[in-house]
>>> print(open('target-v5.tsv').read())   # TSV, C-alpha atoms
chain	number	residue	atom	x	y	z
A	1	MET	CA	-10.47	10.66	26.29
A	2	LYS	CA	-8.63	9.64	23.18
A	3	LYS	CA	-5.06	10.87	23.71
A	4	PHE	CA	-4.00	10.80	20.09
A	5	LEU	CA	-6.57	13.48	19.33
A	6	ILE	CA	-4.72	16.14	21.33
A	7	PRO	CA	-1.89	16.81	18.84
A	8	LEU	CA	-4.39	16.62	16.01
A	9	VAL	CA	-6.60	19.26	17.60
A	10	LEU	CA	-3.56	21.43	18.34
A	11	PHE	CA	-2.42	21.05	14.76
A	12	PHE	CA	-5.73	22.11	13.30
A	13	GLY	CA	-5.88	25.00	15.72
A	14	LEU	CA	-2.51	26.18	14.47
A	15	VAL	CA	-3.54	25.74	10.85
A	16	ALA	CA	-6.69	27.78	11.47
A	17	PHE	CA	-4.67	30.59	13.05
A	18	LEU	CA	-2.18	30.63	10.18
A	19	ALA	CA	-4.92	30.48	7.56
A	20	VAL	CA	-6.64	33.54	9.04
A	21	GLY	CA	-3.31	35.32	9.49
A	22	LEU	CA	-2.18	34.71	5.93
A	23	LYS	CA	-5.45	35.86	4.41
A	24	ARG	CA	-5.28	39.25	6.11
A	25	ASP	CA	-3.81	42.11	4.15
A	26	PRO	CA	-0.88	43.57	6.11
A	27	ARG	CA	-1.29	46.86	4.27
A	28	GLU	CA	-4.75	47.30	5.72
A	29	ILE	CA	-4.19	49.27	8.88
A	30	PRO	CA	-7.21	50.28	10.94
A	31	SER	CA	-7.43	54.05	10.73
A	32	PRO	CA	-7.79	55.94	13.99
A	33	LEU	CA	-9.56	58.66	12.01
A	34	VAL	CA	-12.79	56.72	11.42
A	35	GLY	CA	-15.40	58.24	13.73
A	36	LYS	CA	-13.41	61.45	14.13
A	37	PRO	CA	-14.01	64.81	12.47
A	38	ALA	CA	-12.25	65.18	9.12
A	39	PRO	CA	-9.11	67.31	9.68
A	40	ALA	CA	-9.57	70.89	8.55
A	41	PHE	CA	-7.48	72.41	5.76
A	42	SER	CA	-7.63	75.11	3.17
A	43	LEU	CA	-6.02	74.33	-0.17
A	44	PRO	CA	-6.06	75.81	-3.68
A	45	THR	CA	-8.27	73.92	-6.10
A	46	LEU	CA	-7.48	72.53	-9.49
A	47	GLN	CA	-10.09	74.58	-11.31
A	48	GLY	CA	-10.42	77.95	-9.62
A	49	ASP	CA	-8.67	80.41	-7.40
A	50	LYS	CA	-10.98	80.11	-4.41
A	51	PRO	CA	-9.48	77.69	-1.84
A	52	PHE	CA	-11.58	74.78	-0.58
A	53	SER	CA	-11.98	73.61	2.98
A	54	PRO	CA	-13.99	70.61	4.28
A	55	ALA	CA	-16.26	72.97	6.23
A	56	ASP	CA	-17.67	74.10	2.84
A	57	PHE	CA	-19.34	70.71	2.50
A	58	LYS	CA	-20.92	70.62	5.93
A	59	GLY	CA	-24.49	69.37	5.74
A	60	GLN	CA	-23.89	66.86	2.97
A	61	VAL	CA	-22.39	63.41	2.62
A	62	TRP	CA	-19.29	63.38	0.39
A	63	LEU	CA	-16.38	61.27	-0.68
A	64	PHE	CA	-12.78	62.40	-0.41
A	65	ASN	CA	-10.52	60.58	-2.86
A	66	VAL	CA	-6.73	60.85	-2.73
A	67	TRP	CA	-5.17	60.54	-6.18
A	68	ALA	CA	-2.28	61.54	-8.43
A	69	THR	CA	-1.50	61.15	-12.11
A	70	TRP	CA	1.65	59.15	-11.28
A	71	CYS	CA	-0.35	56.66	-9.20
A	72	VAL	CA	-0.93	53.48	-11.20
A	73	ALA	CA	-3.59	52.03	-8.92
A	74	CYS	CA	-5.58	55.26	-9.22
A	75	ARG	CA	-6.00	54.62	-12.93
A	76	GLU	CA	-7.46	51.26	-12.03
A	77	GLU	CA	-10.22	52.75	-9.90
A	78	HIS	CA	-10.74	55.85	-12.04
A	79	PRO	CA	-13.45	54.45	-14.38
A	80	LEU	CA	-15.42	53.31	-11.34
A	81	LEU	CA	-15.30	56.80	-9.85
A	82	VAL	CA	-16.39	58.33	-13.15
A	83	GLU	CA	-19.30	55.90	-13.30
A	84	PHE	CA	-20.16	56.68	-9.67
A	85	SER	CA	-20.18	60.42	-10.30
A	86	LYS	CA	-22.62	59.93	-13.19
A	87	THR	CA	-25.08	57.74	-11.30
A	88	GLN	CA	-24.89	58.94	-7.69
A	89	SER	CA	-25.67	62.26	-6.10
A	90	VAL	CA	-22.83	62.11	-3.55
A	91	PRO	CA	-20.06	64.49	-4.64
A	92	ILE	CA	-16.46	63.32	-4.83
A	93	VAL	CA	-13.73	65.75	-3.85
A	94	GLY	CA	-10.28	64.85	-5.14
A	95	LEU	CA	-7.07	65.40	-3.23
A	96	SER	CA	-4.26	65.66	-5.74
A	97	TYR	CA	-1.52	64.20	-3.57
A	98	LYS	CA	2.09	65.22	-4.17
A	99	GLU	CA	1.64	65.57	-7.92
A	100	ILE	CA	5.15	66.97	-8.24
A	101	GLN	CA	7.58	64.18	-7.45
A	102	ALA	CA	11.32	64.29	-6.84
A	103	ALA	CA	11.95	63.29	-10.48
A	104	ASP	CA	10.22	66.47	-11.67
A	105	GLN	CA	12.80	68.53	-9.83
A	106	ALA	CA	15.84	66.65	-11.01
A	107	ASN	CA	17.06	69.82	-12.75
A	108	GLY	CA	16.82	71.94	-9.65
A	109	PRO	CA	13.94	72.75	-7.32
A	110	LEU	CA	10.85	74.46	-8.72
A	111	SER	CA	9.19	77.48	-7.16
A	112	ASP	CA	5.82	76.94	-5.45
A	113	GLU	CA	4.01	78.69	-8.31
A	114	ALA	CA	5.79	76.61	-10.91
A	115	LYS	CA	4.89	73.45	-8.99
A	116	LEU	CA	1.24	74.41	-8.74
A	117	GLY	CA	1.15	75.34	-12.42
A	118	LEU	CA	2.74	72.10	-13.54
A	119	ALA	CA	0.54	70.02	-11.21
A	120	ARG	CA	-2.63	71.73	-12.47
A	121	GLU	CA	-1.66	71.31	-16.10
A	122	ARG	CA	-0.87	67.63	-15.70
A	123	SER	CA	-3.95	66.84	-13.59
A	124	LEU	CA	-6.30	68.66	-15.96
A	125	ARG	CA	-4.86	66.81	-18.93
A	126	PHE	CA	-5.34	63.51	-17.11
A	127	LEU	CA	-8.95	64.30	-16.21
A	128	GLN	CA	-9.76	65.47	-19.73
A	129	ARG	CA	-8.52	62.18	-21.11
A	130	GLN	CA	-9.86	59.79	-18.47
A	131	GLY	CA	-13.02	61.61	-17.41
A	132	ASP	CA	-13.48	63.86	-14.40
A	133	PRO	CA	-15.40	62.31	-11.50
A	134	TYR	CA	-14.59	65.17	-9.12
A	135	LYS	CA	-16.84	68.00	-8.11
A	136	LEU	CA	-13.56	69.72	-7.41
A	137	SER	CA	-10.00	68.73	-6.69
A	138	VAL	CA	-7.65	70.29	-4.18
A	139	MET	CA	-3.90	70.45	-4.61
A	140	ASP	CA	-1.81	69.02	-1.78
A	141	LEU	CA	1.63	69.56	-3.26
A	142	ASP	CA	3.80	68.90	-0.21
A	143	GLY	CA	1.62	66.12	1.23
A	144	ARG	CA	0.95	68.00	4.49
A	145	VAL	CA	-2.81	67.45	4.34
A	146	GLY	CA	-2.10	63.85	3.38
A	147	ILE	CA	-0.27	63.40	6.68
A	148	ASP	CA	-3.23	64.84	8.61
A	149	TYR	CA	-5.48	62.28	6.93
A	150	GLY	CA	-3.03	59.45	7.59
A	151	VAL	CA	-2.44	58.82	3.89
A	152	TYR	CA	0.21	56.17	3.25
A	153	GLY	CA	-0.84	54.44	0.06
A	154	VAL	CA	-2.52	56.29	-2.78
A	155	PRO	CA	-5.35	55.89	-3.73
A	156	GLU	CA	-7.31	56.29	-0.53
A	157	THR	CA	-10.96	57.16	-0.15
A	158	TYR	CA	-12.79	58.64	2.82
A	159	LEU	CA	-16.53	58.81	3.36
A	160	ILE	CA	-17.51	61.93	5.29
A	161	ASP	CA	-20.96	62.49	6.77
A	162	ARG	CA	-23.13	65.60	7.15
A	163	GLU	CA	-21.46	66.58	10.41
A	164	GLY	CA	-18.02	66.33	8.82
A	165	VAL	CA	-17.14	63.05	10.56
A	166	ILE	CA	-15.11	60.40	8.71
A	167	ARG	CA	-17.24	57.26	8.52
A	168	TYR	CA	-15.15	54.97	6.37
A	169	LYS	CA	-11.65	54.80	4.98
A	170	GLN	CA	-10.58	52.72	2.02
A	171	VAL	CA	-6.87	52.19	1.44
A	172	GLY	CA	-6.10	51.14	-2.12
A	173	PRO	CA	-8.42	51.28	-5.10
A	174	VAL	CA	-12.17	51.12	-4.61
A	175	THR	CA	-13.39	47.94	-6.28
A	176	PRO	CA	-16.96	47.29	-7.49
A	177	GLU	CA	-17.37	44.86	-4.55
A	178	ILE	CA	-16.30	47.42	-1.95
A	179	LEU	CA	-18.52	50.02	-3.56
A	180	GLU	CA	-21.52	47.70	-3.63
A	181	ASN	CA	-21.09	46.02	-0.24
A	182	LYS	CA	-19.61	48.74	1.92
A	183	LEU	CA	-19.70	52.24	0.50
A	184	LEU	CA	-23.17	52.37	-1.03
A	185	PRO	CA	-25.02	50.87	1.99
A	186	LEU	CA	-23.16	53.28	4.29
A	187	ILE	CA	-23.93	56.23	2.04
A	188	ARG	CA	-27.60	55.29	1.94
A	189	SER	CA	-27.85	55.04	5.71
A	190	LEU	CA	-25.94	58.30	6.21
A	191	GLU	CA	-28.16	60.14	3.76
A	192	LYS	CA	-31.29	58.95	5.54
A	193	SER	CA	-30.20	60.07	9.00
B	194	MET	CA	23.68	36.64	-16.12
B	195	LYS	CA	25.39	39.71	-17.53
B	196	ARG	CA	22.06	41.39	-17.75
B	197	LEU	CA	21.30	40.54	-14.15
B	198	LEU	CA	24.62	42.01	-13.06
B	199	LEU	CA	23.91	45.14	-15.01
B	200	LEU	CA	20.50	45.41	-13.39
B	201	LEU	CA	21.99	44.89	-9.94
B	202	SER	CA	24.60	47.54	-10.52
B	203	LEU	CA	21.87	49.94	-11.61
B	204	CYS	CA	19.96	49.19	-8.39
B	205	ALA	CA	23.07	49.93	-6.39
B	206	VAL	CA	23.37	53.30	-8.12
B	207	THR	CA	19.80	54.28	-7.24
B	208	ALA	CA	20.31	53.14	-3.66
B	209	TRP	CA	23.28	55.47	-3.41
B	210	ALA	CA	21.25	58.31	-4.85
B	211	GLY	CA	18.69	57.82	-2.10
B	212	GLU	CA	21.28	58.14	0.60
B	213	ALA	CA	22.44	61.58	-0.42
B	214	GLN	CA	19.67	63.29	1.51
B	215	PRO	CA	20.12	66.81	2.79
B	216	MET	CA	20.82	66.82	6.51
B	217	ALA	CA	18.99	69.17	8.80
B	218	GLU	CA	20.90	72.20	9.93
B	219	ASP	CA	20.47	71.61	13.64
B	220	PRO	CA	22.42	68.56	14.91
B	221	LYS	CA	20.43	68.52	18.17
B	222	VAL	CA	17.13	68.19	16.30
B	223	GLU	CA	18.69	65.53	14.08
B	224	ALA	CA	19.90	63.51	17.08
B	225	ARG	CA	16.43	63.49	18.64
B	226	LEU	CA	14.86	62.66	15.30
B	227	VAL	CA	17.15	59.66	14.81
B	228	VAL	CA	16.42	58.25	18.28
B	229	MET	CA	12.68	58.69	17.82
B	230	ALA	CA	12.56	57.49	14.23
B	231	GLU	CA	14.09	54.16	15.28
B	232	GLU	CA	10.95	53.58	17.34
B	233	LEU	CA	8.57	54.49	14.52
B	234	ARG	CA	7.47	52.30	11.69
B	235	CYS	CA	7.50	53.33	8.07
B	236	LEU	CA	3.99	52.64	6.79
B	237	VAL	CA	5.01	52.00	3.21
B	238	CYS	CA	7.73	49.41	3.82
B	239	GLN	CA	6.40	48.04	7.04
B	240	ASN	CA	9.47	46.22	8.26
B	241	GLU	CA	11.62	49.30	8.15
B	242	SER	CA	11.81	52.00	10.75
B	243	LEU	CA	11.18	55.60	9.87
B	244	ALA	CA	14.88	56.22	10.39
B	245	SER	CA	16.10	53.72	7.82
B	246	SER	CA	13.39	53.93	5.17
B	247	HIS	CA	13.94	55.65	1.84
B	248	ALA	CA	10.25	55.75	1.03
B	249	GLU	CA	8.96	59.17	0.13
B	250	LEU	CA	6.37	59.09	2.89
B	251	ALA	CA	9.10	58.32	5.44
B	252	GLU	CA	11.01	61.33	4.16
B	253	ASP	CA	7.90	63.50	4.58
B	254	LEU	CA	7.25	62.17	8.06
B	255	ARG	CA	10.85	62.77	9.12
B	256	ARG	CA	10.47	66.34	7.88
B	257	GLU	CA	7.25	66.62	9.86
B	258	VAL	CA	8.84	65.24	13.05
B	259	ARG	CA	11.79	67.63	12.58
B	260	LYS	CA	9.34	70.52	12.40
B	261	LEU	CA	7.50	69.34	15.52
B	262	ILE	CA	10.79	69.02	17.42
B	263	ARG	CA	11.66	72.59	16.44
B	264	ASP	CA	8.18	73.67	17.57
B	265	GLY	CA	9.16	72.43	21.03
B	266	LEU	CA	6.94	69.34	21.34
B	267	THR	CA	8.02	66.51	23.64
B	268	ASP	CA	8.71	63.02	22.29
B	269	ALA	CA	5.45	61.77	23.80
B	270	GLN	CA	3.48	64.58	22.14
B	271	ILE	CA	5.05	63.83	18.77
B	272	LYS	CA	4.21	60.14	19.12
B	273	THR	CA	0.62	61.05	20.00
B	274	TYR	CA	0.52	63.30	16.93
B	275	LEU	CA	1.51	60.39	14.68
B	276	VAL	CA	-0.74	57.85	16.43
B	277	GLU	CA	-3.73	60.17	15.96
B	278	ARG	CA	-3.12	59.99	12.22
B	279	TYR	CA	-1.75	56.54	11.54
B	280	GLY	CA	-2.82	54.52	14.59
B	281	ASP	CA	-0.78	52.46	17.04
B	282	PHE	CA	0.70	50.75	14.03
B	283	VAL	CA	3.38	53.44	13.67
B	284	LEU	CA	4.81	52.48	17.04
B	285	TYR	CA	7.19	49.54	17.11
B	286	ARG	CA	6.41	49.22	20.83
B	287	PRO	CA	2.63	48.91	21.00
B	288	PRO	CA	1.00	50.47	24.08
B	289	VAL	CA	-0.39	48.19	26.80
B	290	LYS	CA	-4.19	48.34	26.58
B	291	PRO	CA	-7.01	45.75	26.60
B	292	LEU	CA	-6.72	45.20	22.84
B	293	THR	CA	-2.99	44.44	23.09
B	294	TRP	CA	-3.16	42.36	26.30
B	295	PRO	CA	-2.97	39.07	24.36
B	296	LEU	CA	0.12	40.43	22.64
B	297	TRP	CA	1.87	41.49	25.85
B	298	PHE	CA	0.73	38.77	28.24
B	299	GLY	CA	-0.19	35.93	25.84
B	300	PRO	CA	3.34	34.47	25.75
B	301	PHE	CA	3.52	34.36	29.56
B	302	ALA	CA	0.09	32.72	29.74
B	303	LEU	CA	1.26	30.13	27.21
B	304	LEU	CA	4.43	29.53	29.23
B	305	ILE	CA	2.48	28.96	32.44
B	306	LEU	CA	0.15	26.61	30.58
B	307	ALA	CA	3.09	24.69	29.16
B	308	VAL	CA	4.81	24.37	32.57
B	309	TRP	CA	1.57	23.16	34.11
B	310	GLY	CA	1.14	20.60	31.32
B	311	LEU	CA	4.72	19.42	31.70
B	312	ALA	CA	4.39	19.05	35.50
B	313	ARG	CA	1.24	17.05	35.05
B	314	TYR	CA	2.85	14.79	32.50
B	315	LEU	CA	5.95	14.20	34.65
B	316	ARG	CA	3.88	13.37	37.72
B	317	HIS	CA	1.84	10.94	35.69
B	318	ARG	CA	4.95	9.24	34.31
B	319	LYS	CA	6.53	8.97	37.76
B	320	ALA	CA	3.41	7.29	39.04
B	321	LEU	CA	3.57	4.85	36.13
B	322	VAL	CA	7.17	3.90	36.90
B	323	HIS	CA	6.37	3.26	40.56
B	324	GLN	CA	3.37	1.23	39.63
B	325	ARG	CA	5.35	-0.91	37.27
B	326	MET	CA	7.91	-1.83	39.91
B	327	SER	CA	5.44	-3.25	42.37
B	328	GLU	CA	6.14	-6.31	44.55
B	329	THR	CA	4.47	-8.77	42.25
B	330	ASP	CA	6.41	-7.41	39.30
B	331	ASN	CA	9.63	-7.90	41.20
B	332	ALA	CA	8.77	-11.42	42.11
B	333	GLN	CA	7.91	-12.16	38.52
B	334	VAL	CA	11.22	-10.78	37.33
B	335	GLU	CA	13.07	-12.86	39.89
B	336	SER	CA	11.34	-16.03	38.91
B	337	LEU	CA	11.88	-15.39	35.23
B	338	LEU	CA	15.59	-14.78	35.79
B	339	LYS	CA	15.91	-18.03	37.73
B	340	GLU	CA	14.48	-20.09	34.92
>>> encode(input="target-v5.tsv", output="structure tokens")
Amino acid sequence: MKKFLIPLVLFFGLVAFLAVGLKRDPREIPSPLVGKPAPAFSLPTLQGDKPFSPADFKGQVWLFNVWATWCVACREEHPLLVEFSKTQSVPIVGLSYKEIQAADQANGPLSDEAKLGLARERSLRFLQRQGDPYKLSVMDLDGRVGIDYGVYGVPETYLIDREGVIRYKQVGPVTPEILENKLLPLIRSLEKS
Amino acid sequence: MKRLLLLLSLCAVTAWAGEAQPMAEDPKVEARLVVMAEELRCLVCQNESLASSHAELAEDLRREVRKLIRDGLTDAQIKTYLVERYGDFVLYRPPVKPLTWPLWFGPFALLILAVWGLARYLRHRKALVHQRMSETDNAQVESLLKE
């Protein structure tokens, strides 16, 4: 055996490991929720006074999109969601995540009603201007539901099947590539079954 | 330069503002929270623990853990609660399971491999030295020195 090849092989092995390691996104954490039932909740909606809970959508495939008007990356994916809602039959439910931030309460804490009012007003204005891809949007003001869904970086998108099981989780904005290569094929196969 | 200094001083001010967080009423709960939060990772700034992070999510999660402590859950139950939502990633000490075996035992396997390699190399070298100093070699050296 040629001895001088050993360090060379070791070196390339190391380079391969590092190359793979560096290309991976450290923010992408495998969610333990994929394959599990979507956590239940009941929250007020943006539009009406009847609260929404995931059980209401049992029997259909739907997308659950975590967003906020203060979230810059959400604006990036917003046109794609609007386009999706126009061309696809799968409904998108929005989760307005912690719309009221600490800065909004710099002049003293707001009451829960005031928070909800302000959050609704701001979200509606945003959706009027940018287009509204959501069948409905629920208001998670304190981020409690966000914790149940393991939200740590808005925007996040969950695909939920007919039985109410989470099938896919996207952390960060949905890009046309992710939509085309991952979400749409999954949606098609879920709708067939 | 002046501008940079100004910017830095502004950063310092905001950092101070972050530290003035309201403390929980119950010091016992707070003590348990601090011990546990050292072992938990903040998911937003991943190299910080939940105890030291100023990220808003860390604040929310601390509030959540405080509530769970008050509800009477054990440390293990609280950790399970967080792992169910965020995965093993929230734990700074990953659990030992088949997926993490390379992580836990890999270094020892590498060490054993290295020791084995070293032993092999040393034995080989020793053999070489002995070989070199054979009788004929000695005789040759002697004769060369005489000349």
>>> closest_residue(input="target-v5.tsv", among="B:Ile271, B:Ala224, B:Val276, B:Ile262", to="chain A", atoms="all atoms listed in the file")
B:Val276
>>> closest_atom_pairs(input="target-v5.tsv", of="chain B", to="chain A", cutoff="8 Å", atoms="only C-alpha atoms", output="Markdown table")
| residue | atom | partner | partner_atom | distance |
| --- | --- | --- | --- | --- |
| B:Leu236 | CA | A:Tyr152 | CA | 6.3 |
| B:Val237 | CA | A:Tyr152 | CA | 6.4 |
| B:Leu250 | CA | A:Tyr152 | CA | 6.8 |
| B:Asp253 | CA | A:Gly143 | CA | 7.6 |
| B:Leu254 | CA | A:Ile147 | CA | 7.7 |
| B:Val276 | CA | A:Pro32 | CA | 7.7 |
| B:Glu277 | CA | A:Pro32 | CA | 6.2 |
| B:Arg278 | CA | A:Gly150 | CA | 4.7 |
| B:Tyr279 | CA | A:Gly150 | CA | 5.1 |
| B:Gly280 | CA | A:Pro32 | CA | 5.2 |
| B:Phe282 | CA | A:Ile29 | CA | 7.3 |
>>> closest_residue(input="target-v5.tsv", among="B:Leu303, B:Val283, B:Leu275, B:Ala269", to="Glu257 (chain B)", atoms="only C-alpha atoms")
B:Leu275
>>> atom_distance(input="target-v5.tsv", atom1="CA of Ala244 (chain B)", atom2="CA of Arg286 (chain B)")
15.2 Å
>>> residues_around(input="target-v5.tsv", residues="region 104-119 of chain A", least_positions_apart="6", cutoff="12 Å", atoms="all atoms listed in the file", output="list in words")
Leu43, Pro44, Thr45, Leu46, Gln47, Asp49, Ala68, Thr69, Trp70, Leu95, Ser96, Tyr97, Lys98, Arg125, Phe126, Ser137, Val138, Met139, Asp140, Leu141 and Asp142 of chain A; Ala210 of chain B
>>> atom_distance(input="target-v5.tsv", atom1="CA of Ala320 (chain B)", atom2="CA of Phe4 (chain A)")
20.6 Å
>>> decode(input="target-v5.tsv", residues="region 31-65 of chain A", atoms="C-alpha atoms", output="PDB file, in the first residue's frame")
ATOM      1  CA  SER A  31     -39.088  19.367  15.176  1.00  0.00           C
ATOM      2  CA  PRO A  32     -40.329  16.629  17.479  1.00  0.00           C
ATOM      3  CA  LEU A  33     -43.863  17.659  16.513  1.00  0.00           C
ATOM      4  CA  VAL A  34     -43.763  16.255  12.978  1.00  0.00           C
ATOM      5  CA  GLY A  35     -45.877  13.093  13.005  1.00  0.00           C
ATOM      6  CA  LYS A  36     -47.684  14.152  16.175  1.00  0.00           C
ATOM      7  CA  PRO A  37     -51.181  15.597  16.525  1.00  0.00           C
ATOM      8  CA  ALA A  38     -51.285  19.385  16.267  1.00  0.00           C
ATOM      9  CA  PRO A  39     -51.588  20.794  19.815  1.00  0.00           C
ATOM     10  CA  ALA A  40     -55.114  21.887  20.640  1.00  0.00           C
ATOM     11  CA  PHE A  41     -55.967  25.496  21.452  1.00  0.00           C
ATOM     12  CA  SER A  42     -58.846  27.897  21.334  1.00  0.00           C
ATOM     13  CA  LEU A  43     -58.017  31.477  20.422  1.00  0.00           C
ATOM     14  CA  PRO A  44     -59.936  34.576  19.326  1.00  0.00           C
ATOM     15  CA  THR A  45     -59.741  35.254  15.610  1.00  0.00           C
ATOM     16  CA  LEU A  46     -58.765  38.383  13.788  1.00  0.00           C
ATOM     17  CA  GLN A  47     -62.070  38.767  11.986  1.00  0.00           C
ATOM     18  CA  GLY A  48     -64.855  37.527  14.219  1.00  0.00           C
ATOM     19  CA  ASP A  49     -65.805  36.840  17.783  1.00  0.00           C
ATOM     20  CA  LYS A  50     -66.074  33.068  17.497  1.00  0.00           C
ATOM     21  CA  PRO A  51     -62.829  31.425  18.713  1.00  0.00           C
ATOM     22  CA  PHE A  52     -61.034  28.951  16.452  1.00  0.00           C
ATOM     23  CA  SER A  53     -59.570  25.609  17.406  1.00  0.00           C
ATOM     24  CA  PRO A  54     -57.665  23.134  15.179  1.00  0.00           C
ATOM     25  CA  ALA A  55     -60.416  20.550  15.678  1.00  0.00           C
ATOM     26  CA  ASP A  56     -62.649  22.783  13.499  1.00  0.00           C
ATOM     27  CA  PHE A  57     -60.525  21.835  10.499  1.00  0.00           C
ATOM     28  CA  LYS A  58     -60.565  18.104  11.060  1.00  0.00           C
ATOM     29  CA  GLY A  59     -61.161  16.253   7.813  1.00  0.00           C
ATOM     30  CA  GLN A  60     -59.183  18.632   5.628  1.00  0.00           C
ATOM     31  CA  VAL A  61     -55.558  19.354   4.868  1.00  0.00           C
ATOM     32  CA  TRP A  62     -54.494  22.852   5.938  1.00  0.00           C
ATOM     33  CA  LEU A  63     -51.510  25.067   6.465  1.00  0.00           C
ATOM     34  CA  PHE A  64     -50.790  26.849   9.721  1.00  0.00           C
ATOM     35  CA  ASN A  65     -48.600  29.909   9.222  1.00  0.00           C
TER      36      ASN A  65
END
